[in-house]
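Peer 1: File name coords_10.csv; file contents CSV, N, CA and C atoms; full text below.
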```csv
chain,number,residue,atom,x,y,z
A,233,MET,N,-53.8,-128.1,5.7
A,233,MET,CA,-54.9,-128.6,6.5
A,233,MET,C,-56.2,-127.8,6.2
A,234,ALA,N,-57.2,-128.6,6.1
A,234,ALA,CA,-58.5,-128.0,5.8
A,234,ALA,C,-59.1,-127.2,7.0
A,235,THR,N,-60.1,-126.4,6.8
A,235,THR,CA,-60.7,-125.6,7.9
A,235,THR,C,-61.5,-126.6,8.7
A,236,ILE,N,-61.8,-126.3,9.9
A,236,ILE,CA,-62.6,-127.1,10.8
A,236,ILE,C,-63.8,-126.2,11.2
A,237,ASP,N,-64.9,-126.9,11.5
A,237,ASP,CA,-66.1,-126.2,12.0
A,237,ASP,C,-66.1,-126.3,13.5
A,238,ILE,N,-66.3,-125.2,14.2
A,238,ILE,CA,-66.3,-125.3,15.7
A,238,ILE,C,-67.6,-124.8,16.2
A,239,THR,N,-68.0,-125.2,17.3
A,239,THR,CA,-69.3,-124.9,18.0
A,239,THR,C,-69.0,-124.3,19.3
A,240,GLU,N,-70.0,-123.9,20.0
A,240,GLU,CA,-69.9,-123.3,21.3
A,240,GLU,C,-69.2,-124.4,22.2
A,241,GLN,N,-69.5,-125.6,22.0
A,241,GLN,CA,-69.0,-126.7,22.9
A,241,GLN,C,-67.5,-127.0,22.6
A,242,SER,N,-67.0,-126.8,21.3
A,242,SER,CA,-65.7,-127.1,21.0
A,242,SER,C,-64.7,-125.8,20.9
A,243,PHE,N,-65.3,-124.7,21.1
A,243,PHE,CA,-64.5,-123.4,20.9
A,243,PHE,C,-63.4,-123.3,21.9
A,244,ALA,N,-63.6,-123.5,23.2
A,244,ALA,CA,-62.6,-123.3,24.2
A,244,ALA,C,-61.5,-124.4,24.1
A,245,GLN,N,-61.9,-125.6,23.8
A,245,GLN,CA,-61.0,-126.7,23.6
A,245,GLN,C,-60.1,-126.5,22.4
A,246,THR,N,-60.6,-125.9,21.3
A,246,THR,CA,-59.9,-125.6,20.1
A,246,THR,C,-58.8,-124.6,20.5
A,247,LEU,N,-59.1,-123.5,21.2
A,247,LEU,CA,-58.1,-122.5,21.7
A,247,LEU,C,-57.1,-123.2,22.6
A,248,GLU,N,-57.5,-124.1,23.4
A,248,GLU,CA,-56.6,-124.7,24.4
A,248,GLU,C,-55.6,-125.6,23.7
A,249,ASP,N,-56.0,-126.3,22.6
A,249,ASP,CA,-55.2,-127.3,22.0
A,249,ASP,C,-54.3,-126.8,20.9
A,250,ASN,N,-54.4,-125.5,20.5
A,250,ASN,CA,-53.7,-124.9,19.4
A,250,ASN,C,-53.0,-123.6,19.7
A,251,ASN,N,-51.8,-123.4,19.3
A,251,ASN,CA,-51.1,-122.2,19.5
A,251,ASN,C,-51.7,-121.0,18.8
A,252,ILE,N,-52.0,-121.1,17.5
A,252,ILE,CA,-52.6,-120.1,16.8
A,252,ILE,C,-53.9,-120.6,16.1
A,253,VAL,N,-55.0,-119.9,16.4
A,253,VAL,CA,-56.3,-120.2,15.8
A,253,VAL,C,-56.9,-119.0,15.1
A,254,PHE,N,-57.3,-119.2,13.9
A,254,PHE,CA,-58.1,-118.1,13.2
A,254,PHE,C,-59.5,-118.6,13.1
A,255,VAL,N,-60.4,-117.7,13.3
A,255,VAL,CA,-61.8,-118.1,13.3
A,255,VAL,C,-62.6,-117.2,12.4
A,256,ASP,N,-63.3,-117.8,11.4
A,256,ASP,CA,-64.1,-117.0,10.5
A,256,ASP,C,-65.6,-117.2,10.9
A,257,PHE,N,-66.2,-116.1,11.3
A,257,PHE,CA,-67.6,-116.1,11.6
A,257,PHE,C,-68.4,-115.8,10.4
A,258,TRP,N,-69.2,-116.7,9.9
A,258,TRP,CA,-69.9,-116.6,8.6
A,258,TRP,C,-71.3,-117.1,8.7
A,259,ALA,N,-72.0,-116.9,7.5
A,259,ALA,CA,-73.4,-117.5,7.4
A,259,ALA,C,-73.5,-117.8,5.9
A,260,ALA,N,-74.3,-118.8,5.6
A,260,ALA,CA,-74.5,-119.3,4.2
A,260,ALA,C,-75.2,-118.2,3.4
A,261,TRP,N,-76.0,-117.4,3.9
A,261,TRP,CA,-76.7,-116.4,3.1
A,261,TRP,C,-75.9,-115.2,2.8
A,262,CYS,N,-74.7,-115.1,3.4
A,262,CYS,CA,-73.9,-113.9,3.3
A,262,CYS,C,-73.0,-113.9,2.1
A,263,GLY,N,-73.2,-113.0,1.1
A,263,GLY,CA,-72.4,-113.0,-0.1
A,263,GLY,C,-70.9,-112.8,0.1
A,264,PRO,N,-70.5,-111.8,0.9
A,264,PRO,CA,-69.1,-111.6,1.2
A,264,PRO,C,-68.5,-112.8,1.9
A,265,CYS,N,-69.2,-113.5,2.7
A,265,CYS,CA,-68.7,-114.7,3.4
A,265,CYS,C,-68.4,-115.8,2.4
A,266,ARG,N,-69.3,-115.9,1.4
A,266,ARG,CA,-69.1,-117.0,0.4
A,266,ARG,C,-67.9,-116.6,-0.5
A,267,MET,N,-67.7,-115.3,-0.7
A,267,MET,CA,-66.5,-114.8,-1.5
A,267,MET,C,-65.2,-115.0,-0.8
A,268,PHE,N,-65.2,-114.9,0.6
A,268,PHE,CA,-64.0,-115.0,1.4
A,268,PHE,C,-63.7,-116.5,1.6
A,269,ALA,N,-64.6,-117.4,1.6
A,269,ALA,CA,-64.4,-118.8,1.9
A,269,ALA,C,-63.2,-119.4,1.1
A,270,PRO,N,-63.1,-119.3,-0.2
A,270,PRO,CA,-62.0,-119.9,-0.9
A,270,PRO,C,-60.6,-119.3,-0.5
A,271,THR,N,-60.6,-118.0,-0.3
A,271,THR,CA,-59.4,-117.4,0.2
A,271,THR,C,-58.9,-117.9,1.5
A,272,TYR,N,-59.9,-118.1,2.4
A,272,TYR,CA,-59.6,-118.6,3.8
A,272,TYR,C,-59.2,-120.1,3.7
A,273,GLY,N,-59.9,-120.8,2.8
A,273,GLY,CA,-59.5,-122.2,2.7
A,273,GLY,C,-58.1,-122.4,2.1
A,274,ALA,N,-57.8,-121.6,1.1
A,274,ALA,CA,-56.4,-121.6,0.5
A,274,ALA,C,-55.3,-121.3,1.6
A,275,ALA,N,-55.6,-120.3,2.4
A,275,ALA,CA,-54.7,-120.0,3.5
A,275,ALA,C,-54.5,-121.1,4.4
A,276,ALA,N,-55.6,-121.8,4.7
A,276,ALA,CA,-55.5,-123.0,5.6
A,276,ALA,C,-54.6,-124.1,5.0
A,277,GLU,N,-54.6,-124.2,3.7
A,277,GLU,CA,-53.8,-125.2,3.0
A,277,GLU,C,-52.3,-124.8,3.1
A,278,ARG,N,-52.1,-123.4,2.9
A,278,ARG,CA,-50.7,-122.9,2.9
A,278,ARG,C,-50.0,-122.9,4.3
A,279,HIS,N,-50.9,-122.9,5.4
A,279,HIS,CA,-50.3,-122.8,6.8
A,279,HIS,C,-50.8,-123.9,7.6
A,280,PRO,N,-50.3,-125.1,7.4
A,280,PRO,CA,-50.8,-126.3,8.2
A,280,PRO,C,-50.4,-126.2,9.7
A,281,ASP,N,-49.6,-125.3,10.1
A,281,ASP,CA,-49.2,-125.1,11.5
A,281,ASP,C,-50.2,-124.2,12.2
A,282,ILE,N,-51.2,-123.7,11.5
A,282,ILE,CA,-52.2,-122.9,12.1
A,282,ILE,C,-53.6,-123.6,12.0
A,283,THR,N,-54.4,-123.4,13.0
A,283,THR,CA,-55.8,-124.0,12.9
A,283,THR,C,-56.7,-122.9,12.4
A,284,PHE,N,-57.4,-123.2,11.3
A,284,PHE,CA,-58.3,-122.3,10.7
A,284,PHE,C,-59.7,-122.9,10.9
A,285,ALA,N,-60.5,-122.2,11.7
A,285,ALA,CA,-61.8,-122.7,12.1
A,285,ALA,C,-62.9,-121.8,11.5
A,286,LYS,N,-64.1,-122.3,11.4
A,286,LYS,CA,-65.2,-121.6,10.9
A,286,LYS,C,-66.4,-121.7,11.9
A,287,VAL,N,-67.1,-120.6,12.1
A,287,VAL,CA,-68.3,-120.7,13.0
A,287,VAL,C,-69.5,-120.2,12.1
A,288,ASP,N,-70.5,-121.1,12.0
A,288,ASP,CA,-71.7,-120.7,11.3
A,288,ASP,C,-72.6,-120.0,12.3
A,289,THR,N,-72.7,-118.7,12.0
A,289,THR,CA,-73.4,-117.8,13.0
A,289,THR,C,-74.9,-118.1,13.1
A,290,GLU,N,-75.4,-118.7,12.1
A,290,GLU,CA,-76.8,-119.1,12.1
A,290,GLU,C,-77.0,-120.3,13.1
A,291,ALA,N,-76.1,-121.3,13.0
A,291,ALA,CA,-76.2,-122.5,13.8
A,291,ALA,C,-75.7,-122.2,15.2
A,292,GLU,N,-74.8,-121.3,15.3
A,292,GLU,CA,-74.1,-121.0,16.6
A,292,GLU,C,-74.4,-119.6,17.1
A,293,GLN,N,-75.6,-119.3,17.2
A,293,GLN,CA,-76.0,-117.9,17.6
A,293,GLN,C,-75.5,-117.5,19.0
A,294,ALA,N,-75.5,-118.4,19.9
A,294,ALA,CA,-75.0,-118.1,21.3
A,294,ALA,C,-73.5,-117.8,21.2
A,295,LEU,N,-72.7,-118.5,20.4
A,295,LEU,CA,-71.3,-118.3,20.3
A,295,LEU,C,-71.0,-117.0,19.6
A,296,ALA,N,-71.8,-116.7,18.6
A,296,ALA,CA,-71.6,-115.5,17.8
A,296,ALA,C,-71.9,-114.3,18.8
A,297,ALA,N,-73.0,-114.4,19.6
A,297,ALA,CA,-73.3,-113.3,20.5
A,297,ALA,C,-72.2,-113.2,21.6
A,298,ALA,N,-71.7,-114.3,22.1
A,298,ALA,CA,-70.7,-114.2,23.1
A,298,ALA,C,-69.4,-113.5,22.5
A,299,ALA,N,-69.2,-113.7,21.2
A,299,ALA,CA,-68.0,-113.1,20.6
A,299,ALA,C,-68.3,-111.7,20.1
A,300,ASN,N,-69.5,-111.2,20.4
A,300,ASN,CA,-69.9,-109.8,20.0
A,300,ASN,C,-69.9,-109.6,18.5
A,301,ILE,N,-70.3,-110.6,17.7
A,301,ILE,CA,-70.3,-110.5,16.3
A,301,ILE,C,-71.5,-109.7,15.9
A,302,THR,N,-71.3,-108.6,15.2
A,302,THR,CA,-72.3,-107.7,14.7
A,302,THR,C,-72.4,-107.6,13.2
A,303,SER,N,-71.3,-108.1,12.6
A,303,SER,CA,-71.2,-108.0,11.1
A,303,SER,C,-70.4,-109.2,10.7
A,304,ILE,N,-70.8,-109.8,9.5
A,304,ILE,CA,-70.1,-111.0,9.0
A,304,ILE,C,-69.8,-110.7,7.6
A,305,PRO,N,-68.7,-111.3,7.1
A,305,PRO,CA,-67.8,-112.1,7.9
A,305,PRO,C,-67.0,-111.3,8.9
A,306,THR,N,-66.7,-111.9,10.0
A,306,THR,CA,-65.7,-111.4,11.0
A,306,THR,C,-64.6,-112.4,11.2
A,307,LEU,N,-63.4,-111.9,11.1
A,307,LEU,CA,-62.2,-112.8,11.3
A,307,LEU,C,-61.6,-112.5,12.6
A,308,MET,N,-61.4,-113.5,13.4
A,308,MET,CA,-60.6,-113.3,14.7
A,308,MET,C,-59.4,-114.2,14.7
A,309,ALA,N,-58.4,-113.8,15.3
A,309,ALA,CA,-57.2,-114.6,15.5
A,309,ALA,C,-56.8,-114.6,17.0
A,310,PHE,N,-56.5,-115.8,17.4
A,310,PHE,CA,-56.1,-116.1,18.8
A,310,PHE,C,-54.7,-116.6,18.8
A,311,LYS,N,-53.8,-116.2,19.7
A,311,LYS,CA,-52.5,-116.7,19.9
A,311,LYS,C,-52.3,-117.0,21.4
A,312,ASP,N,-51.9,-118.2,21.7
A,312,ASP,CA,-51.8,-118.6,23.1
A,312,ASP,C,-53.1,-118.3,23.9
A,313,LYS,N,-54.2,-118.6,23.3
A,313,LYS,CA,-55.6,-118.4,23.9
A,313,LYS,C,-56.0,-117.0,24.1
A,314,THR,N,-55.2,-116.0,23.5
A,314,THR,CA,-55.5,-114.6,23.6
A,314,THR,C,-56.0,-114.0,22.3
A,315,LEU,N,-57.1,-113.3,22.3
A,315,LEU,CA,-57.6,-112.6,21.1
A,315,LEU,C,-56.6,-111.5,20.7
A,316,VAL,N,-56.0,-111.6,19.5
A,316,VAL,CA,-55.0,-110.7,19.1
A,316,VAL,C,-55.4,-109.9,17.8
A,317,PHE,N,-56.5,-110.3,17.2
A,317,PHE,CA,-57.0,-109.7,16.0
A,317,PHE,C,-58.5,-109.9,15.8
A,318,SER,N,-59.2,-108.9,15.5
A,318,SER,CA,-60.7,-109.1,15.2
A,318,SER,C,-61.1,-108.0,14.2
A,319,GLN,N,-61.6,-108.4,13.1
A,319,GLN,CA,-62.0,-107.4,12.1
A,319,GLN,C,-63.1,-107.9,11.2
A,320,PRO,N,-64.2,-107.1,11.1
A,320,PRO,CA,-65.3,-107.5,10.2
A,320,PRO,C,-64.9,-107.2,8.8
A,321,GLY,N,-65.5,-107.9,7.8
A,321,GLY,CA,-65.2,-107.7,6.4
A,321,GLY,C,-64.3,-108.8,5.8
A,322,ALA,N,-64.5,-109.0,4.6
A,322,ALA,CA,-63.7,-110.1,3.8
A,322,ALA,C,-62.4,-109.5,3.4
A,323,LEU,N,-61.3,-110.2,3.7
A,323,LEU,CA,-60.0,-109.8,3.3
A,323,LEU,C,-59.7,-110.4,2.0
A,324,ASN,N,-58.8,-109.8,1.2
A,324,ASN,CA,-58.3,-110.4,0.0
A,324,ASN,C,-57.1,-111.3,0.4
A,325,ALA,N,-56.6,-112.1,-0.5
A,325,ALA,CA,-55.5,-113.0,-0.2
A,325,ALA,C,-54.3,-112.3,0.4
A,326,THR,N,-53.9,-111.2,-0.1
A,326,THR,CA,-52.8,-110.4,0.4
A,326,THR,C,-53.0,-109.9,1.8
A,327,GLY,N,-54.2,-109.4,2.0
A,327,GLY,CA,-54.5,-108.9,3.3
A,327,GLY,C,-54.5,-110.0,4.4
A,328,LEU,N,-55.1,-111.1,4.0
A,328,LEU,CA,-55.2,-112.2,4.9
A,328,LEU,C,-53.8,-112.7,5.2
A,329,GLU,N,-52.9,-112.8,4.2
A,329,GLU,CA,-51.5,-113.3,4.4
A,329,GLU,C,-50.8,-112.3,5.4
A,330,GLU,N,-51.0,-111.0,5.2
A,330,GLU,CA,-50.4,-110.0,6.1
A,330,GLU,C,-50.8,-110.2,7.6
A,331,VAL,N,-52.1,-110.5,7.8
A,331,VAL,CA,-52.6,-110.7,9.1
A,331,VAL,C,-52.0,-112.0,9.7
A,332,ILE,N,-51.9,-113.1,8.9
A,332,ILE,CA,-51.3,-114.3,9.3
A,332,ILE,C,-49.9,-114.1,9.8
A,333,GLN,N,-49.1,-113.4,8.9
A,333,GLN,CA,-47.7,-113.2,9.3
A,333,GLN,C,-47.5,-112.4,10.5
A,334,ALA,N,-48.4,-111.4,10.7
A,334,ALA,CA,-48.3,-110.5,11.8
A,334,ALA,C,-48.6,-111.3,13.1
A,335,VAL,N,-49.6,-112.2,13.0
A,335,VAL,CA,-50.0,-113.0,14.2
A,335,VAL,C,-48.8,-114.0,14.5
A,336,LYS,N,-48.3,-114.6,13.5
A,336,LYS,CA,-47.2,-115.5,13.7
A,336,LYS,C,-46.0,-114.8,14.4
A,337,ASN,N,-45.7,-113.5,14.0
A,337,ASN,CA,-44.6,-112.8,14.5
A,337,ASN,C,-44.8,-112.1,15.8
A,338,LEU,N,-46.0,-112.1,16.3
A,338,LEU,CA,-46.3,-111.5,17.6
A,338,LEU,C,-45.5,-112.1,18.7
A,339,ASP,N,-44.9,-111.3,19.5
A,339,ASP,CA,-44.1,-111.7,20.7
A,339,ASP,C,-45.1,-111.6,21.9
A,340,MET,N,-45.7,-112.8,22.2
A,340,MET,CA,-46.7,-112.8,23.3
A,340,MET,C,-46.1,-112.4,24.6
A,341,GLU,N,-44.9,-112.7,24.9
A,341,GLU,CA,-44.3,-112.4,26.2
A,341,GLU,C,-44.2,-110.8,26.3
A,342,LYS,N,-43.8,-110.2,25.2
A,342,LYS,CA,-43.7,-108.7,25.2
A,342,LYS,C,-45.0,-108.1,25.3
A,343,LEU,N,-46.0,-108.7,24.6
A,343,LEU,CA,-47.4,-108.2,24.7
A,343,LEU,C,-47.9,-108.3,26.1
A,344,ARG,N,-47.7,-109.4,26.8
A,344,ARG,CA,-48.2,-109.6,28.1
A,344,ARG,C,-47.5,-108.6,29.1
A,345,ALA,N,-46.2,-108.4,28.8
A,345,ALA,CA,-45.4,-107.4,29.7
A,345,ALA,C,-46.0,-106.0,29.5
A,346,GLU,N,-46.3,-105.6,28.3
A,346,GLU,CA,-46.8,-104.3,28.0
A,346,GLU,C,-48.2,-104.2,28.6
A,347,ALA,N,-49.0,-105.2,28.5
A,347,ALA,CA,-50.4,-105.2,29.1
A,347,ALA,C,-50.3,-105.1,30.6
A,348,GLY,N,-49.3,-105.7,31.2
A,348,GLY,CA,-49.1,-105.7,32.7
A,348,GLY,C,-48.7,-104.3,33.1
A,349,HIS,N,-47.9,-103.6,32.3
A,349,HIS,CA,-47.5,-102.2,32.6
A,349,HIS,C,-48.7,-101.2,32.6
A,350,GLN,N,-49.6,-101.5,31.6
A,350,GLN,CA,-50.8,-100.6,31.5
A,350,GLN,C,-51.7,-100.8,32.7
A,351,HIS,N,-51.8,-102.0,33.3
A,351,HIS,CA,-52.7,-102.2,34.4
A,351,HIS,C,-52.1,-101.7,35.7
A,352,ALA,N,-50.8,-101.5,35.7
A,352,ALA,CA,-50.1,-101.0,37.0
A,352,ALA,C,-50.4,-99.6,37.3
```
Please lay out the structure from this file as structure tokens.
Peer 2:
Amino acid sequence: MATIDITEQSFAQTLEDNNIVFVDFWAAWCGPCRMFAPTYGAAAERHPDITFAKVDTEAEQALAAAANITSIPTLMAFKDKTLVFSQPGALNATGLEEVIQAVKNLDMEKLRAEAGHQHA
């Protein structure tokens, strides 16, 4: 599946409609962003069960600000509408694959239970 472009208006619905969502915050003028794009696109093709989204930080400045983006590219991963990964910088194919597998393997019930214990 190809990557999709999301906006401030479609962001929440994208998280609502999909179990796992990766979001690449990027800009056209950003060299590392352009270098990461083919790696990200190839991962999207290899993992049709995951939604791979892109946010153009120039066009979507309010969304980038709401997500506290201070450096691009920044990759975020959401599972069950919960942010589980956020890291600035371009990953190589191996690094991206490791993050994808880690997110897929996350036990959200266990994570929520641990979070509940921390708040108690």
Peer 1: Could you tell me which of A:Leu343, A:Val255, A:Ile332, A:Leu295 comes closest to His279 (chain A) if we count only C-alpha atoms?
Peer 2: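 Distance minimum relative to His279 (chain A) lands on A:Ile332.
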Peer 1: For Pro320 (chain A), find every residue with an atom within 8 Å (counting all atoms listed in the file), except residues of its own chain fewer than 2 positions away, and show them as a list in words.
Peer 2: Thr302, Ser303, Ile304, Pro305, Thr306, Leu307, Met308, Phe317, Ser318, Ala322 and Leu323 of chain A
Peer 1: Using all atoms listed in the file, determine which residues lie at most 7 Å from Asp237 (chain A), disregarding the query and same-chain residues fewer than 3 positions distant; provide the list as a list in words.
Peer 2: Phe284, Ala285, Lys286, Val287 and Asp288 of chain A
Peer 1: Choose the residue, out of A:Trp261, A:Phe254, A:Phe243, A:Tyr272, that has the smallest atom-to-atom separation from Lys336 (chain A); count only C-alpha atoms.
Peer 2: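 Selected residue with least distance to Lys336 (chain A): A:Phe254.
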Peer 1: Per DSSP on the backbone, what are the strand (DSSP E or B) residues of chain A, as a PyMOL selection string?
Peer 2: chain A and resi 236-237+252-258+283-288+306-311+314-320
Peer 1: Neighbouring residues of Glu290 (chain A) were defined as those with any atom within 7 Å, considering only N, CA and C atoms; residues of the same chain fewer than 5 positions away were excluded. Please report them as a PyMOL selection string.
Peer 2: chain A and resi 258-260
Peer 1: Do you have the CA of Pro280 (chain A)-CA of Met233 (chain A) distance handy?
Peer 2: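 So the answer is 5.0 Å.
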Peer 1: Could you jot down the CA of Glu341 (chain A) to CA of Gln245 (chain A) separation for me, Å, one decimal place?
Peer 2: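 Between CA of Glu341 (chain A) and CA of Gln245 (chain A) the gap works out to 22.1 Å.
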Peer 1: Which residue out of A:Ala309, A:Cys265, A:Thr314, A:Glu277 has the minimum interatomic distance to Glu248 (chain A) when only C-alpha atoms are used?
Peer 2: A:Thr314
Peer 1: Starting from the sparse input, extend region 259-269 of chain A to all heavy atoms and give the output as a CSV table (one decimal), in the coordinates of the input.
Peer 2:
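Once written, out_17.csv looks like this:
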```
chain,number,residue,atom,x,y,z
A,259,ALA,N,-72.0,-116.9,7.5
A,259,ALA,CA,-73.4,-117.5,7.4
A,259,ALA,C,-73.5,-117.8,5.9
A,259,ALA,O,-73.0,-117.1,5.0
A,259,ALA,CB,-74.4,-116.5,7.8
A,260,ALA,N,-74.3,-118.8,5.6
A,260,ALA,CA,-74.5,-119.3,4.2
A,260,ALA,C,-75.2,-118.2,3.4
A,260,ALA,O,-74.9,-118.2,2.2
A,260,ALA,CB,-75.4,-120.6,4.2
A,261,TRP,N,-76.0,-117.4,3.9
A,261,TRP,CA,-76.7,-116.4,3.1
A,261,TRP,C,-75.9,-115.2,2.8
A,261,TRP,O,-76.3,-114.3,2.1
A,261,TRP,CB,-78.0,-116.0,3.8
A,261,TRP,CG,-77.8,-115.5,5.3
A,261,TRP,CD1,-78.0,-116.3,6.4
A,261,TRP,CD2,-77.4,-114.3,5.7
A,261,TRP,NE1,-77.7,-115.6,7.5
A,261,TRP,CE2,-77.3,-114.4,7.1
A,261,TRP,CE3,-77.0,-113.1,5.1
A,261,TRP,CZ2,-76.8,-113.3,7.9
A,261,TRP,CZ3,-76.5,-112.0,5.9
A,261,TRP,CH2,-76.5,-112.1,7.3
A,262,CYS,N,-74.7,-115.1,3.4
A,262,CYS,CA,-73.9,-113.9,3.3
A,262,CYS,C,-73.0,-113.9,2.1
A,262,CYS,O,-72.1,-114.8,2.0
A,262,CYS,CB,-73.0,-113.8,4.6
A,262,CYS,SG,-71.7,-112.7,4.6
A,263,GLY,N,-73.2,-113.0,1.1
A,263,GLY,CA,-72.4,-113.0,-0.1
A,263,GLY,C,-70.9,-112.8,0.1
A,263,GLY,O,-70.1,-113.6,-0.4
A,264,PRO,N,-70.5,-111.8,0.9
A,264,PRO,CA,-69.1,-111.6,1.2
A,264,PRO,C,-68.5,-112.8,1.9
A,264,PRO,O,-67.3,-113.1,1.7
A,264,PRO,CB,-69.1,-110.3,2.1
A,264,PRO,CG,-70.3,-109.6,1.7
A,264,PRO,CD,-71.3,-110.7,1.4
A,265,CYS,N,-69.2,-113.5,2.7
A,265,CYS,CA,-68.7,-114.7,3.4
A,265,CYS,C,-68.4,-115.8,2.4
A,265,CYS,O,-67.4,-116.4,2.5
A,265,CYS,CB,-69.8,-115.3,4.4
A,265,CYS,SG,-70.2,-114.2,5.7
A,266,ARG,N,-69.3,-115.9,1.4
A,266,ARG,CA,-69.1,-117.0,0.4
A,266,ARG,C,-67.9,-116.6,-0.5
A,266,ARG,O,-67.1,-117.4,-1.0
A,266,ARG,CB,-70.3,-117.2,-0.5
A,266,ARG,CG,-71.4,-117.8,0.3
A,266,ARG,CD,-72.5,-118.4,-0.6
A,266,ARG,NE,-73.1,-117.4,-1.5
A,266,ARG,CZ,-74.1,-116.5,-1.3
A,266,ARG,NH1,-74.7,-116.6,-0.1
A,266,ARG,NH2,-74.5,-115.7,-2.2
A,267,MET,N,-67.7,-115.3,-0.7
A,267,MET,CA,-66.5,-114.8,-1.5
A,267,MET,C,-65.2,-115.0,-0.8
A,267,MET,O,-64.2,-115.3,-1.4
A,267,MET,CB,-66.7,-113.3,-1.9
A,267,MET,CG,-67.7,-113.1,-3.0
A,267,MET,SD,-68.0,-111.4,-3.4
A,267,MET,CE,-66.6,-110.5,-2.9
A,268,PHE,N,-65.2,-114.9,0.6
A,268,PHE,CA,-64.0,-115.0,1.4
A,268,PHE,C,-63.7,-116.5,1.6
A,268,PHE,O,-62.5,-116.8,1.8
A,268,PHE,CB,-64.3,-114.3,2.8
A,268,PHE,CG,-63.1,-114.4,3.7
A,268,PHE,CD1,-61.9,-113.9,3.4
A,268,PHE,CD2,-63.2,-115.0,5.0
A,268,PHE,CE1,-60.8,-113.9,4.2
A,268,PHE,CE2,-62.2,-115.0,5.8
A,268,PHE,CZ,-60.9,-114.5,5.5
A,269,ALA,N,-64.6,-117.4,1.6
A,269,ALA,CA,-64.4,-118.8,1.9
A,269,ALA,C,-63.2,-119.4,1.1
A,269,ALA,O,-62.4,-120.1,1.7
A,269,ALA,CB,-65.7,-119.6,1.7
```
